[in-house]
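See below for entry-v2.txt, which holds compact mmCIF, C-alpha atoms and all ligand atoms.
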# COMPACT_ATOMS: atom_id res chain seq x y z
CA MET R 1 -23.38 -19.74 4.84
CA SER R 2 -23.24 -20.61 1.14
CA LYS R 3 -21.81 -23.99 0.29
CA ASP R 4 -18.83 -22.37 -1.46
CA GLN R 5 -17.70 -20.59 1.72
CA GLN R 6 -15.65 -23.46 3.03
CA VAL R 7 -14.36 -26.89 2.05
CA ILE R 8 -12.96 -29.76 4.08
CA ILE R 9 -9.97 -31.63 2.68
CA HIS R 10 -8.40 -34.54 4.55
CA GLY R 11 -10.32 -33.35 7.62
CA LYS R 12 -8.95 -29.77 7.51
CA VAL R 13 -11.17 -26.73 7.10
CA PHE R 14 -10.30 -24.28 4.31
CA GLU R 15 -12.11 -20.95 3.93
CA LEU R 16 -12.96 -19.14 0.71
CA PHE R 17 -10.03 -16.83 -0.02
CA LEU R 18 -10.10 -15.77 -3.69
CA GLU R 19 -13.18 -16.06 -5.82
CA LYS R 20 -13.06 -17.36 -9.35
CA LYS R 21 -13.95 -13.92 -10.77
CA ASP R 22 -10.99 -12.28 -8.99
CA ILE R 23 -8.65 -15.00 -10.21
CA LYS R 24 -9.88 -14.59 -13.80
CA LYS R 25 -9.40 -10.82 -13.53
CA ALA R 26 -5.83 -11.24 -12.29
CA ILE R 27 -5.07 -13.63 -15.15
CA LYS R 28 -6.57 -11.25 -17.69
CA GLU R 29 -4.33 -8.46 -16.38
CA MET R 30 -1.24 -10.67 -16.53
CA ALA R 31 -2.10 -11.72 -20.08
CA GLY R 32 -2.44 -8.07 -21.11
CA LYS R 33 1.04 -7.28 -19.79
CA ILE R 34 2.53 -10.37 -21.43
CA ASN R 35 0.93 -9.46 -24.77
CA ASP R 36 2.25 -5.90 -24.45
CA HIS R 37 5.75 -7.09 -23.67
CA TYR R 38 6.21 -9.71 -26.38
CA GLY R 39 4.05 -8.28 -29.18
CA ASP R 40 4.28 -10.68 -32.16
CA GLN R 41 7.40 -12.42 -30.86
CA SER R 42 7.01 -16.24 -30.64
CA ILE R 43 7.42 -17.58 -27.12
CA THR R 44 7.88 -20.92 -25.41
CA VAL R 45 5.71 -21.22 -22.34
CA ILE R 46 7.02 -23.57 -19.69
CA GLY R 47 4.20 -24.60 -17.37
CA VAL R 48 5.28 -26.05 -14.05
CA LEU R 49 2.98 -29.00 -13.23
CA ASP R 50 0.88 -30.07 -11.47
CA GLY R 51 -0.61 -26.99 -9.88
CA VAL R 52 -0.41 -24.70 -12.90
CA PHE R 53 -2.88 -26.49 -15.16
CA MET R 54 -5.88 -24.22 -14.49
CA VAL R 55 -3.80 -21.03 -14.70
CA LEU R 56 -2.33 -22.20 -17.99
CA ALA R 57 -5.73 -23.02 -19.46
CA ASP R 58 -7.02 -19.53 -18.69
CA LEU R 59 -3.82 -17.61 -19.44
CA LEU R 60 -2.90 -19.24 -22.75
CA LYS R 61 -6.32 -18.55 -24.27
CA ARG R 62 -5.55 -14.84 -23.86
CA LEU R 63 -2.05 -14.80 -25.36
CA LYS R 64 -1.91 -13.40 -28.88
CA MET R 65 1.62 -14.30 -30.03
CA PRO R 66 2.61 -17.75 -31.40
CA VAL R 67 3.07 -20.01 -28.37
CA SER R 68 4.81 -23.38 -27.99
CA LEU R 69 3.96 -25.16 -24.76
CA GLU R 70 6.27 -27.30 -22.65
CA LEU R 71 4.98 -28.93 -19.47
CA VAL R 72 7.56 -29.76 -16.83
CA LYS R 73 7.52 -31.20 -13.33
CA LEU R 74 9.61 -30.29 -10.31
CA LYS R 75 8.49 -31.32 -6.89
CA SER R 76 9.45 -29.40 -3.75
CA TYR R 77 6.32 -29.84 -1.66
CA GLN R 78 5.32 -32.62 0.73
CA GLY R 79 2.00 -31.96 2.45
CA MET R 80 1.89 -28.35 3.58
CA GLN R 81 5.53 -27.55 4.14
CA SER R 82 7.99 -26.47 1.50
CA SER R 83 10.78 -29.04 1.74
CA GLY R 84 13.21 -26.39 0.56
CA SER R 85 14.91 -28.91 -1.67
CA VAL R 86 13.97 -29.71 -5.23
CA SER R 87 14.87 -32.95 -6.87
CA LYS R 88 14.73 -32.88 -10.62
CA LEU R 89 13.46 -31.24 -13.79
CA LEU R 90 11.34 -33.64 -15.83
CA GLY R 91 9.54 -33.35 -19.13
CA LEU R 92 11.41 -30.80 -21.24
CA THR R 93 11.01 -32.19 -24.76
CA SER R 94 12.95 -29.72 -26.89
CA GLY R 95 15.96 -27.45 -26.70
CA LEU R 96 15.38 -23.81 -25.81
CA LYS R 97 18.40 -22.22 -27.45
CA ASP R 98 17.45 -18.74 -28.67
CA HIS R 99 13.81 -19.16 -27.55
CA HIS R 100 11.98 -16.49 -25.60
CA VAL R 101 10.87 -18.47 -22.56
CA LEU R 102 7.98 -17.60 -20.26
CA ILE R 103 7.79 -19.75 -17.14
CA VAL R 104 4.26 -20.01 -15.75
CA GLU R 105 3.57 -20.96 -12.13
CA ASP R 106 0.50 -21.21 -9.93
CA ILE R 107 2.15 -19.94 -6.75
CA ILE R 108 5.58 -18.85 -5.58
CA ASP R 109 6.36 -19.30 -1.93
CA THR R 110 10.08 -19.36 -1.06
CA GLY R 111 11.11 -19.36 -4.72
CA GLU R 112 13.25 -22.45 -4.21
CA THR R 113 11.47 -24.36 -6.94
CA LEU R 114 11.80 -21.60 -9.48
CA GLY R 115 15.39 -20.90 -8.48
CA TYR R 116 16.23 -24.48 -9.40
CA LEU R 117 14.26 -24.33 -12.65
CA LEU R 118 16.02 -21.09 -13.65
CA GLN R 119 19.39 -22.65 -12.95
CA GLU R 120 18.52 -25.60 -15.18
CA LEU R 121 17.06 -23.41 -17.93
CA ARG R 122 20.08 -21.09 -18.03
CA LYS R 123 22.08 -24.04 -19.37
CA GLU R 124 19.76 -24.05 -22.40
CA GLN R 125 20.89 -20.60 -23.57
CA ALA R 126 17.43 -19.19 -24.18
CA ALA R 127 17.26 -15.71 -25.71
CA SER R 128 15.29 -14.50 -22.68
CA ILE R 129 13.51 -15.90 -19.64
CA GLN R 130 10.60 -14.27 -17.84
CA ILE R 131 8.33 -15.52 -15.07
CA ALA R 132 4.57 -15.29 -14.57
CA SER R 133 2.87 -16.56 -11.41
CA LEU R 134 -0.77 -16.26 -10.45
CA LEU R 135 0.06 -15.98 -6.73
CA LEU R 136 3.08 -14.81 -4.73
CA LYS R 137 3.72 -14.86 -0.99
CA PRO R 138 6.02 -11.80 -0.80
CA SER R 139 6.78 -12.26 2.90
CA VAL R 140 8.36 -15.66 2.17
CA PHE R 141 9.89 -15.11 -1.26
CA LYS R 142 13.63 -14.70 -1.02
CA ASN R 143 13.78 -12.26 -3.92
CA ARG R 144 16.65 -13.97 -5.61
CA PHE R 145 15.36 -13.18 -9.06
CA PRO R 146 12.91 -10.79 -10.72
CA LEU R 147 9.27 -11.80 -11.18
CA GLU R 148 7.90 -10.04 -14.24
CA TYR R 149 4.20 -10.92 -13.92
CA VAL R 150 2.42 -11.57 -10.61
CA GLY R 151 -1.36 -11.94 -10.52
CA LEU R 152 -1.99 -11.42 -6.80
CA GLU R 153 0.15 -11.10 -3.70
CA ILE R 154 -1.14 -13.08 -0.73
CA PRO R 155 -0.14 -13.43 2.93
CA GLU R 156 1.72 -16.44 4.22
CA ARG R 157 -1.22 -18.87 4.29
CA PHE R 158 -1.55 -22.33 2.82
CA VAL R 159 -4.00 -22.28 -0.08
CA VAL R 160 -5.75 -24.89 -2.22
CA GLY R 161 -7.98 -24.92 -5.27
CA TYR R 162 -7.74 -23.62 -8.81
CA GLY R 163 -5.13 -26.30 -9.50
CA MET R 164 -3.42 -26.29 -6.10
CA ASP R 165 -3.70 -29.28 -3.78
CA TYR R 166 -3.45 -30.36 -0.20
CA ASP R 167 -1.90 -33.82 -0.28
CA GLY R 168 -3.28 -34.56 -3.73
CA GLU R 169 -6.81 -33.23 -3.28
CA GLY R 170 -8.58 -29.95 -3.96
CA ARG R 171 -7.12 -29.16 -7.38
CA GLN R 172 -10.54 -29.12 -9.08
CA LEU R 173 -11.97 -26.34 -6.89
CA PRO R 174 -12.94 -23.27 -8.96
CA HIS R 175 -12.04 -20.82 -6.17
CA VAL R 176 -8.92 -20.56 -3.97
CA TYR R 177 -9.36 -21.52 -0.31
CA ALA R 178 -6.97 -20.84 2.60
CA LEU R 179 -6.39 -23.09 5.57
CA SER R 180 -8.60 -21.85 8.40
CA GLY R 181 -6.85 -19.90 11.15
CA SER R 182 -8.19 -22.42 13.66
CA GLU R 183 -6.37 -25.29 11.90
CA SER R 184 -2.71 -26.09 12.41
CA LEU R 185 -0.16 -27.54 10.04
CA PRO R 186 0.88 -31.14 10.69
P1 LIG U 201 8.53 -22.70 -3.36
O1 LIG U 201 9.63 -23.53 -3.93
O2 LIG U 201 8.40 -21.35 -4.01
O3 LIG U 201 8.63 -22.59 -1.86
O4 LIG U 201 7.19 -23.48 -3.58
C1 LIG U 201 6.68 -23.54 -4.86
C2 LIG U 201 5.69 -24.65 -5.06
O5 LIG U 201 5.17 -25.13 -3.83
C3 LIG U 201 4.51 -24.15 -5.83
O6 LIG U 201 4.70 -24.29 -7.19
C4 LIG U 201 3.39 -24.99 -5.31
O7 LIG U 201 3.35 -26.17 -6.04
C5 LIG U 201 3.79 -25.26 -3.89
N1 LIG U 201 3.17 -24.31 -2.96
C6 LIG U 201 3.69 -23.20 -2.38
N2 LIG U 201 2.81 -22.60 -1.59
C7 LIG U 201 1.69 -23.34 -1.65
C8 LIG U 201 0.38 -23.22 -1.05
O8 LIG U 201 0.05 -22.32 -0.28
N3 LIG U 201 -0.50 -24.19 -1.40
C9 LIG U 201 -0.22 -25.21 -2.24
N4 LIG U 201 -1.18 -26.09 -2.50
N5 LIG U 201 0.99 -25.35 -2.82
C10 LIG U 201 1.92 -24.43 -2.53
MG MG U 202 3.53 -24.73 -8.96
Let me see the file written as C-alpha cells.
Amino acid sequence: MSKDQQVIIHGKVFELFLEKKDIKKAIKEMAGKINDHYGDQSITVIGVLDGVFMVLADLLKRLKMPVSLELVKLKSYQGMQSSGSVSKLLGLTSGLKDHHVLIVEDIIDTGETLGYLLQELRKEQAASIQIASLLLKPSVFKNRFPLEYVGLEIPERFVVGYGMDYDGEGRQLPHVYALSGSESLP
C-alpha cells in the first residue's frame, strides 16, 4: 500500500478519499463557472477560515475579474461533530454595501455555519451574494439557501486534509482523507 493511502491523526485511521488531481480539477471547473458568471465585474471574495485556505489559494489564482479578499472566521465545529450553533463573525474589515460578494468555503455539512454568515452579510446590503464550496454533503445539507458553485458532492463521512482538520491536525495534507469505516466518532 502506498504511503499516501492512509494517515493516522490523533490515533484515528483516515483513508485516501479524494486525490489532489481530482480536487484541482473540481476547483478549475468551479473557477470557470465563476468567471463565466461575473465576467469583468469586480467581486469581494469572503473566505471562511480556517479550512478554506488551500481552496482559496487554488481558486483565486484562476479568477480573472478584479478580486478583493476578506478572510473571516466563524466556528461551529468541535472535534468531529457539528455543534449546530455558531458563535460569531470575526474579521470583516470593510463594508460590503453594493459589492458583489462570493463566499468561499471548504465544505458544507448542515449549512448552519453558512446560514449564520448569510444572515450577518445580508445586513451589509451587498449587491449580490453567491456561494462556492469545494465539498458538499447533500444528505446533511438542509437546503435553506441556494449553492451556486459546488466542487464535489460527498457522502456523510468526516474528512480531513486539503485545509480541513481533525482537532487541529491534518490541514497540510495534499489529498482529502475520510475517517475509516472501522473507526467511530468520539
Ligand atoms: P456546517 O455548519 O455546514 O454543519 O459545517 C460547516 C463547517 O464545519 C465547515 O466549514 C467545516 O469547517 C466543518 N466541517 C463540516 N464537515 C466537516 C468534515 O467532514 N471535516 C472537517 N474537517 N470539517 C468539517
Ligand atoms: Mg469551512
Non-local contacts of Arg171 in chain R (9 Å; all atoms listed in the file; under 6 positions in same chain excluded) as a ChimeraX atom specification: /R:51,54,160-165
Shell of 10 Å around Leu147 in chain R, all atoms listed in the file, local chain residues under 4 positions omitted, as a PyMOL selection string: chain R and resi 108+130-133+136+143
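Interatomic distance, atom O7 of ligand LIG 201 (chain U) against CA of Leu121 in chain R: 18.4 Å.
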Ligand LIG 201 (chain U) neighbours within 6 Å using all atoms listed in the file, as a PyMOL selection string: chain R and resi 51+76-77+82+106-113+157-160+164-166
All residues 10 Å or closer to Gly39 in chain R, all atoms listed in the file, same chain fewer than 2 positions away omitted, as an MDAnalysis selection string: chainID R and resid 33:37 41:42 63:66
Quick one: write out the picked residues with C-alpha atoms as an mmCIF file, in the frame of the given file?
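Printed below is result_31.cif as written:
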data_model
loop_
_atom_site.group_PDB
_atom_site.id
_atom_site.type_symbol
_atom_site.label_atom_id
_atom_site.label_comp_id
_atom_site.auth_asym_id
_atom_site.auth_seq_id
_atom_site.Cartn_x
_atom_site.Cartn_y
_atom_site.Cartn_z
ATOM 1 C CA LYS R 33 1.040 -7.280 -19.790
ATOM 2 C CA ILE R 34 2.530 -10.370 -21.430
ATOM 3 C CA ASN R 35 0.930 -9.460 -24.770
ATOM 4 C CA ASP R 36 2.250 -5.900 -24.450
ATOM 5 C CA HIS R 37 5.750 -7.090 -23.670
ATOM 6 C CA GLN R 41 7.400 -12.420 -30.860
ATOM 7 C CA SER R 42 7.010 -16.240 -30.640
ATOM 8 C CA LEU R 63 -2.050 -14.800 -25.360
ATOM 9 C CA LYS R 64 -1.910 -13.400 -28.880
ATOM 10 C CA MET R 65 1.620 -14.300 -30.030
ATOM 11 C CA PRO R 66 2.610 -17.750 -31.400
#
Contacts of Pro138 in chain R at 8 Å (all atoms listed in the file; same-chain gap of 6+ positions) as a ChimeraX atom specification: /R:109,153-155
Exercise: Gly151 in chain R partners within 6 Å, all atoms listed in the file, chain neighbours under 6 positions left out, as a PyMOL selection string: chain R and resi 26+134-135
Counting only C-alpha atoms and all ligand atoms, the option among R:Asp50, R:Asp40, R:Asp4, R:Glu70 closest to ligand MG 202 (chain U): R:Asp50
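The closest residue to ligand MG 202 (chain U), picked from R:Leu96, R:Phe14, R:Leu114, R:Val7 and counting only C-alpha atoms and all ligand atoms, is R:Leu114.
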Residues within 9 Å of (18.5, -23.7, -28.7), file coords, only C-alpha atoms, listed as a PyMOL selection string: chain R and resi 94-99+124-127
Just write the chosen residues, C-alpha atoms, as a PDB file, keeping the file's coordinate frame.
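Here's the written file selection-v7.pdb:
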ATOM      1  CA  SER R  94      12.950 -29.720 -26.890  1.00  0.00           C
ATOM      2  CA  GLY R  95      15.960 -27.450 -26.700  1.00  0.00           C
ATOM      3  CA  LEU R  96      15.380 -23.810 -25.810  1.00  0.00           C
ATOM      4  CA  LYS R  97      18.400 -22.220 -27.450  1.00  0.00           C
ATOM      5  CA  ASP R  98      17.450 -18.740 -28.670  1.00  0.00           C
ATOM      6  CA  HIS R  99      13.810 -19.160 -27.550  1.00  0.00           C
ATOM      7  CA  GLU R 124      19.760 -24.050 -22.400  1.00  0.00           C
ATOM      8  CA  GLN R 125      20.890 -20.600 -23.570  1.00  0.00           C
ATOM      9  CA  ALA R 126      17.430 -19.190 -24.180  1.00  0.00           C
ATOM     10  CA  ALA R 127      17.260 -15.710 -25.710  1.00  0.00           C
TER      11      ALA R 127
END
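CA of Ser182 in chain R lies 27.8 Å from CA of Val52 in chain R.
Reported to one decimal place, the separation of CA of Ala31 in chain R from CA of Val150 in chain R is 10.5 Å.
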